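Everything on this sheet refers to the single structure shown next.
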Amino acid sequence: MMAGMKSGIKSSIIFGLILSLGLTLSGGMQVKAADDKKADKKATNEKTVTLRISNWEEYLDEGDWDEEDTIDLESGDIIGENSMVEDFEDWYYETYGIHVKVEYSTYGTNEDLYNMLTLGDTYDLICPSEYMIMKLMKEGRLEPLSDHFFDTSDPENYYINGVSPYIKSVYDNSKVDGESWSKYAAGYMWGLTGIVYNPEEVTREEASSWKILDDPKYKSQITIKDNVRDSYFAALGALKSDLLTSDAFKNDPNYHDNLEKEMNDASPETIAEVQEYLQDVKKNAFSFESDSGKADMITGKVVANLQWSGDGVYTLDQADEDDFPLEFAVPEEATNIYFDGWVMLKSGVHDDAAKQQAAEAFINFTSRPDNVIRNMNYVGYTSVIAGGNDPRIFEYADWCYGAEDDETDVTPYDLSYFFSGEGTEGEYVIHAPTDQVDRQLFAQYPDQDAISRSSIMLNFDDTQNQEINQMWISVRCYDVRDIPILVWGLAGTGVLLLAGLMIRKKVRQRGNL
Amino acid sequence: MHRRTFSRKTLGIPYAIFLLLFVAMPLLVLVYYAFTNGQGEFTVMNLVGFFTNPNTLGTLFYSFGVAIVTTVVCLLLAYPTAYILAISKWKSKTVILLLFVMPMWINFSLRITALKEILTFIEGNLAYHPFLNTVIGMTYDFLPFMILPIYTTISRLDGSLLEAARDLGAGEMQAFLRVTLPLSVPGIISGVSMVFLPAMTNYVVLDMLYNSTYIMGSLIGSYFSAYNWHGGSMIALVLLAIICLFTLLGGGQEDENARGGSLL
């Protein structure tokens, strides 16, 4: 009986360990089935399409806005009453006469998503970042978007009719194995990496270089992303700073191709240099953070913070509520431009036309200008949709950042690169309060200058990935060779002491018997 | 006709199924991944890798460091507290005990966030003392797990043993060292195992208190986000083996003490 109980205790310890392993694995994967509100709708014999969507956490409007949150644009008010998912289900039935049931779940990182797919989870529509899209494309897991999706004559095709010409050209021109991204992916949100900083402590010039990360002047006052890709990119920017900012490099006709090559450099020598650099950064930084950086910036624990522009907007907004003005800068060397996009998984929608249609309709529904504004307002990131002939998205940008009529210190801020395209008229210039040019407006819609030095960080191949990940682990781990002799001595004495005690006890017991 | 009999054993079936599904199966999967490579072939390279990679060894060392220091600090704080509470005749001692246990009922991340603010207020910048902060955070988090078992063991001690010791001429100190302390060893052991093992893997505390160095839990996580399930599984498995070893050692101690107690 006793033995049984004891093995029970042991098993429960083992079980606990496995449980904690499982938790690590799932990494905050949570399934949030959409409300069953529709369930009580009249049960019809019509077939209901089930659409399984997985998206980033906090990346789609959940509705329930207060009256005062209403966005009152010239073209009408916009407010999120129900969640986007519910609105989609209703809209789809009204438009196509088919019931759709969305099973909506979220994930925390691209790697979590990929691991879930490997474990056999099936989704129809997911929203990974560009490098993960490239990886999935390469592995042949994605279903191409239908021809109808790109048909500009269908008024319900909000995506193709509204996508920013700039984003469209990126999606068209970026290729994996000769196929452009646009064949499989439709953009959702995008942004740049940059530095959020406190202008009272850090100058804009300092924040405009990746070299700030290991600047001893700001020892223990800067946070960096706890993620290998962003840290790698920043380290490359700092290490190659002289080259990247040189006139010869900048004026080269192949500047953009060269930049992309430099910022995707994964040669063993470079990886070794990056490791050394990041080890310095680790000693110099306040922390590697995955979420806490925003709060630490707002509460003033740190003076600068490597950040994605979307989260930058959020940080600046929050700090403004405390009358604590922060600014956003994009380093002069280069910036990582990222795109999260919708892709359909073969394992989900293949050979299922109804599902495919619903999935594409979901992309279109979230690309409808009023929904774009709801999502942008809720999430803080910048949508890839410019609106096409619909002026509301530009109006929204102006509503957010344009100067009041009585303001005197106003700077024109040109966003034509993003908004103007074929068939759109007018000029896209926001007359913003001058400080906004360094703040939210700049983080939400970076200017042409910042865009020109942006580089996509491609998906590394498996060997490179392994080397870079190993480098990252080495940066983060305590090196066994760093253990001070004193500790070795202490540990040795401790072990000897313990062993001595046990032997003594055993000997005594023998004696007693 | 064969009549189905309902015995007490039948009640154990759900437990057996549970064990099979949630203990045995995952363990098998873990072992499978630990001893295969990306192509699904058998390999011991993961095991070799564990003991030749300075990162895993360094992390093992660091985790041990955190766990040992946390456990010692917890023990030093918990034993006197538990002892005083257990032997005191105060009517309100359950209330005091409750005060020590109560933090456990408050959400863990909330507690650590609060602690973070307090430590920031005291230290100014948390990044200067990552190890110290980690130990403080873990101690704050795990202290009740150390106090409770020790308190229970001491308060259950047979008072007549102490009387006997005094009658035989033992002083206050001697009675404590020769009677109370040895008899409270089972409580200490269960307290230590409840603190030591989680302290080796609880990386959330490190994350929240800005310690950028990996411990075992975060190292395993990093292997999985690098798609290296095999290396990650091996680390988990070796950790499991180490923990089993400790439990066996601890269990052996408990047995001896149980025998010692009955002999007395």
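Quick note on naming: the chains in the structure tokens go A, B, ... in the order shown, residues restart at 1 in each chain, and ligands are numbered from 1 in order of appearance.
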
Query raised in the report: Which of region 119-227 of chain B counts as alpha helix (DSSP H) under DSSP, as a PyMOL selection string please?
Result: chain B and resi 119-123+130-155+159-167+172-175+181-183+185-201+203-208+216-225

Report summary line: Computed gap from CA of Ile473 (chain A) to CA of Leu239 (chain B) is 17.9 Å

**Report entry** Who sits within 9 Å of Ala361 (chain A), only C-alpha atoms, same chain under 6 positions skipped, as JSON, numbers by chain
**Finding:** {"A": [88, 92, 149, 156, 157]}

Create the file for the chosen residues now, containing N, CA and C atoms and written as a compact mmCIF listing (two decimals), in the first residue's frame.
# COMPACT_ATOMS: atom_id res chain seq x y z
N PHE A 88 -19.10 39.20 -39.57
CA PHE A 88 -18.79 38.47 -40.80
C PHE A 88 -19.83 37.39 -41.06
N TYR A 92 -22.05 37.43 -44.34
CA TYR A 92 -21.89 36.36 -45.33
C TYR A 92 -23.25 35.76 -45.67
N PHE A 149 -10.84 36.12 -56.65
CA PHE A 149 -10.36 36.99 -55.57
C PHE A 149 -9.71 38.25 -56.13
N GLU A 156 -17.73 43.28 -54.10
CA GLU A 156 -17.47 42.68 -52.79
C GLU A 156 -16.01 42.29 -52.63
N ASN A 157 -15.22 42.45 -53.67
CA ASN A 157 -13.80 42.13 -53.57
C ASN A 157 -13.04 43.33 -53.00

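Omitting region 208-221 of chain B and its sequence neighbours fewer than 5 positions away, and counting only C-alpha atoms, the residues within 7 Å are Thr24, Ser287, Phe288, Arg476, Cys477 and Tyr478 of chain A; Thr59, Leu60, Tyr62, Ser63, Lys116, Ala127, Pro130, Asn133, Thr134, Met200, Thr201, Asn202, Tyr203, Gly232, Ile235 and Ala236 of chain B.
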
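Proximity of A:Tyr401, A:Tyr378, A:Tyr171, A:Tyr114 to chain B, computed with only C-alpha atoms, is greatest for A:Tyr114.
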
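You can rank B:Phe6, B:Tyr128, B:Phe64, B:Tyr140 by their closest distance to chain A using only C-alpha atoms, and at the top of that list sits B:Tyr128.
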
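Using only C-alpha atoms, the smallest distance between any of B:Leu197, B:Leu168, B:Met45, B:Met173 and chain A comes from B:Leu197.
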
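The closest residue to Glu143 (chain A), picked from A:Leu243, A:Val487, A:Val384, A:Val349 and counting only C-alpha atoms, is A:Val349.
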
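Using only C-alpha atoms, the nearest neighbour of Val410 (chain A) within the list A:Glu94, A:Glu103, A:Asp435, A:Asp154 is A:Asp435.
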
Report summary line: With distances taken over only C-alpha atoms, the candidate from A:Met116, A:Ala295, A:Ile337, A:Val274 nearest Gln318 (chain A) is A:Ala295

Query - Interatomic distance, CA of Gln466 (chain A) to CA of Arg229 (chain A) (Å, one decimal) - result: 12.4 Å

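Atom pair CA of Val330 (chain A) / CA of Asn198 (chain A): separated by 14.1 Å.
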
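Within 7 Å of Phe145 (chain B), once only C-alpha atoms are used and residues closer than 3 positions along the same chain are dropped, the contacting residues are Phe142, Leu148, Gly191, Met194 and Val195 of chain B.
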
Requested in this report: Check the DSSP output for the backbone and give back, as a count of residues only, the residues of region 236-435 of chain A in strand (DSSP E or B).
Outcome: 35

Query - Surrounding residues of Glu130 (chain A) excluding itself and chain neighbours under 4 positions, 10 Å, only C-alpha atoms, as an MDAnalysis selection string - result: chainID A and resid 110 134:136 171 174 181 185 187 190 337:342 456:459

Could you save those same residues with N, CA and C atoms as a short mmCIF file (atom, residue, chain, number, x, y, z; two decimals), in the first residue's frame?
data_model
loop_
_atom_site.label_atom_id
_atom_site.label_comp_id
_atom_site.auth_asym_id
_atom_site.auth_seq_id
_atom_site.Cartn_x
_atom_site.Cartn_y
_atom_site.Cartn_z
N ASN A 110 4.76 33.06 -34.47
CA ASN A 110 4.76 32.28 -35.71
C ASN A 110 5.19 30.85 -35.45
N MET A 134 6.54 32.50 -46.31
CA MET A 134 7.54 31.98 -47.26
C MET A 134 7.88 30.53 -46.95
N LYS A 135 8.00 30.24 -45.65
CA LYS A 135 8.33 28.86 -45.25
C LYS A 135 7.20 27.91 -45.66
N LEU A 136 5.96 28.34 -45.40
CA LEU A 136 4.82 27.48 -45.74
C LEU A 136 4.67 27.33 -47.26
N TYR A 171 4.02 42.53 -52.57
CA TYR A 171 3.50 41.16 -52.63
C TYR A 171 3.68 40.54 -54.02
N SER A 174 7.83 40.04 -54.45
CA SER A 174 8.57 39.13 -53.57
C SER A 174 8.20 37.71 -53.96
N TRP A 181 4.36 36.20 -53.77
CA TRP A 181 3.55 36.03 -52.57
C TRP A 181 2.07 36.18 -52.88
N ALA A 185 -1.01 34.81 -50.79
CA ALA A 185 -1.20 35.59 -49.57
C ALA A 185 -1.85 36.93 -49.85
N GLY A 187 -2.42 40.58 -47.85
CA GLY A 187 -1.89 41.28 -46.68
C GLY A 187 -2.95 41.61 -45.65
N TRP A 190 0.89 45.65 -41.48
CA TRP A 190 2.31 45.74 -41.80
C TRP A 190 2.95 46.81 -40.93
N ILE A 337 11.02 45.60 -42.55
CA ILE A 337 9.60 45.79 -42.87
C ILE A 337 8.93 44.43 -42.79
N TYR A 338 7.82 44.38 -42.06
CA TYR A 338 7.16 43.08 -41.89
C TYR A 338 5.71 43.17 -42.35
N PHE A 339 5.22 42.05 -42.81
CA PHE A 339 3.84 41.96 -43.30
C PHE A 339 3.20 40.72 -42.70
N ASP A 340 2.08 40.89 -42.04
CA ASP A 340 1.29 39.73 -41.65
C ASP A 340 0.21 39.58 -42.70
N GLY A 341 0.04 38.37 -43.19
CA GLY A 341 -0.92 38.19 -44.27
C GLY A 341 -1.77 36.95 -44.10
N TRP A 342 -2.94 36.99 -44.75
CA TRP A 342 -3.85 35.84 -44.71
C TRP A 342 -3.43 34.81 -45.76
N ILE A 456 13.10 43.54 -46.34
CA ILE A 456 12.39 42.36 -45.87
C ILE A 456 13.42 41.40 -45.31
N MET A 457 13.10 40.77 -44.20
CA MET A 457 13.98 39.73 -43.69
C MET A 457 13.40 38.41 -44.16
N LEU A 458 14.12 37.75 -45.05
CA LEU A 458 13.59 36.56 -45.69
C LEU A 458 13.61 35.37 -44.75
N ASN A 459 13.02 34.30 -45.19
CA ASN A 459 13.06 33.07 -44.43
C ASN A 459 14.41 32.40 -44.69
#

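Once Leu97 (chain B) and its same-chain neighbours fewer than 6 positions away are set aside, Ala82, Leu85, Ile147, Leu148 and Tyr151 of chain B remain within 9 Å of it when counting only C-alpha atoms.
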